[in-house]
Amino acid sequence: LMVSPATALEHRAPDLLLADTYRAGIDPSGYWVSEKLDGVRAYWDGHRLYFRSGHPVPAPEWFTRRFPSRPLDGELWLGRGAFERLSGIVRTALPVDADWREVRFMLFELPGDPGDFTARQARLRHLATELAIPWLGAVEQFRVADPSALMAKLDAVVRDGGEGLMLHRADAAYRSGRSDDLLKLKPFLDREARVLAHLPGKGRHAGRLGALLVEDAEGRRFRLGTGFSDAQRDRPP
């Protein structure tokens, strides 16, 4: 499905807290740490569920029926190693109930709530328990004493099939944008880029996705044409 620039502009991305990259020299003892879930980020504005792009998530009505009338930030998740299947489920225009019964909305933030993150994550755990919705949960948060303990935890998570870790500064008030308030730690480096267009394929990829035209934070544009499965080329995100 090709999305025109005009259509994309109709959706305004929510102003969320964004993760920077953990760097040597940052003391992790001042942070709450959690596993980086390999899912699809979603934002509940109190009325409707949205992707980070601002496009609405086509979730079944029953999935969000009991969500509270307050903003929630989290990850739609199936489990470790299931990102591709999850992406197909949550992006299907006509949701399939049987598939959505496997999806969980794992919360890690209360956007705009007062106090520091220590207080917010405690309220988040309480809220998830109080709501008692089987597919709604709070991401487990824990503390580490020093960088060596952090790296040991990273090794254990990755060894068990996880993607990495997230660090959220314990004393941070909520603010949107990218800063050291939220950091990601993975065993390899990556960069974020905005998808501008789907470019048509040639040869054996004729009639389906050939590459993505993307733009990074510095405004550099380039084509990303490798790493896609046949299913992704047939139904690009």
# chains A, B, ... in the order shown; residues from 1 in each chain; ligands from 1
>>> residues_around(residues="Leu182 of chain A", least_positions_apart="5", cutoff="6 Å", atoms="only C-alpha atoms", output="PyMOL selection string")
chain A and resi 19+167-168
>>> write_last_selection(atoms="all heavy atoms", output="CSV table (one decimal), in the first residue's frame")
chain,number,residue,atom,x,y,z
A,19,ALA,N,14.2,7.9,23.1
A,19,ALA,CA,15.4,7.4,23.7
A,19,ALA,C,16.7,7.8,22.9
A,19,ALA,O,16.8,7.8,21.7
A,19,ALA,CB,15.4,5.8,23.7
A,167,LEU,N,17.1,2.4,29.8
A,167,LEU,CA,17.5,3.0,31.1
A,167,LEU,C,16.7,4.3,31.2
A,167,LEU,O,16.7,5.2,30.3
A,167,LEU,CB,19.0,3.4,31.2
A,167,LEU,CG,19.9,2.2,31.3
A,167,LEU,CD1,20.3,1.6,29.9
A,167,LEU,CD2,21.2,2.6,32.0
A,168,HIS,N,15.9,4.5,32.3
A,168,HIS,CA,15.1,5.7,32.5
A,168,HIS,C,15.5,6.3,33.8
A,168,HIS,O,15.5,5.7,34.8
A,168,HIS,CB,13.6,5.3,32.6
A,168,HIS,CG,12.7,6.3,32.2
A,168,HIS,ND1,11.5,6.1,31.5
A,168,HIS,CD2,12.7,7.7,32.5
A,168,HIS,CE1,10.9,7.3,31.3
A,168,HIS,NE2,11.6,8.2,31.9
>>> closest_atom_pairs(of="segment 98-145 of chain A", to="segment 20-37 of chain A", cutoff="7 Å", atoms="only C-alpha atoms", output="tab-separated table")
residue	atom	partner	partner_atom	distance
A:Val139	CA	A:Ser34	CA	6.9
A:Glu140	CA	A:Ser34	CA	6.0
A:Gln141	CA	A:Ser34	CA	4.9
A:Phe142	CA	A:Val33	CA	5.2
A:Arg143	CA	A:Trp32	CA	5.2
A:Val144	CA	A:Ser29	CA	5.6
A:Ala145	CA	A:Ser29	CA	5.0
>>> residues_around(residues="Ser53 of chain A", least_positions_apart="3", cutoff="12 Å", atoms="only C-alpha atoms", output="list in words")
Ala8, Leu9, Glu10, His11, Arg12, Ala13, Pro14, Asp15, Leu16, Val40, Arg41, Ala42, Tyr43, Leu49, Tyr50, Pro56, Val57, Arg194, Val195 and Pro237 of chain A
>>> closest_residue(among="A:Gly225, A:Pro187, A:Gly115, A:Gly201", to="Ala170 of chain A", atoms="only C-alpha atoms")
A:Gly115
>>> residues_around(residues="Ser176 of chain A", least_positions_apart="3", cutoff="9 Å", atoms="only C-alpha atoms", output="list of chain:residue names")
A:Asp15, A:Leu16, A:Leu17, A:Leu18, A:Pro111, A:Gly112, A:Ser179
>>> write_last_selection(atoms="C-alpha atoms", output="mmCIF file, in the first residue's frame")
data_model
loop_
_atom_site.group_PDB
_atom_site.id
_atom_site.type_symbol
_atom_site.label_atom_id
_atom_site.label_comp_id
_atom_site.auth_asym_id
_atom_site.auth_seq_id
_atom_site.Cartn_x
_atom_site.Cartn_y
_atom_site.Cartn_z
ATOM 1 C CA ASP A 15 4.993 14.379 21.239
ATOM 2 C CA LEU A 16 6.625 11.531 23.174
ATOM 3 C CA LEU A 17 9.755 10.904 25.175
ATOM 4 C CA LEU A 18 12.415 9.474 22.822
ATOM 5 C CA PRO A 111 2.999 10.895 29.647
ATOM 6 C CA GLY A 112 2.531 14.224 31.387
ATOM 7 C CA SER A 179 17.561 13.342 26.035
#
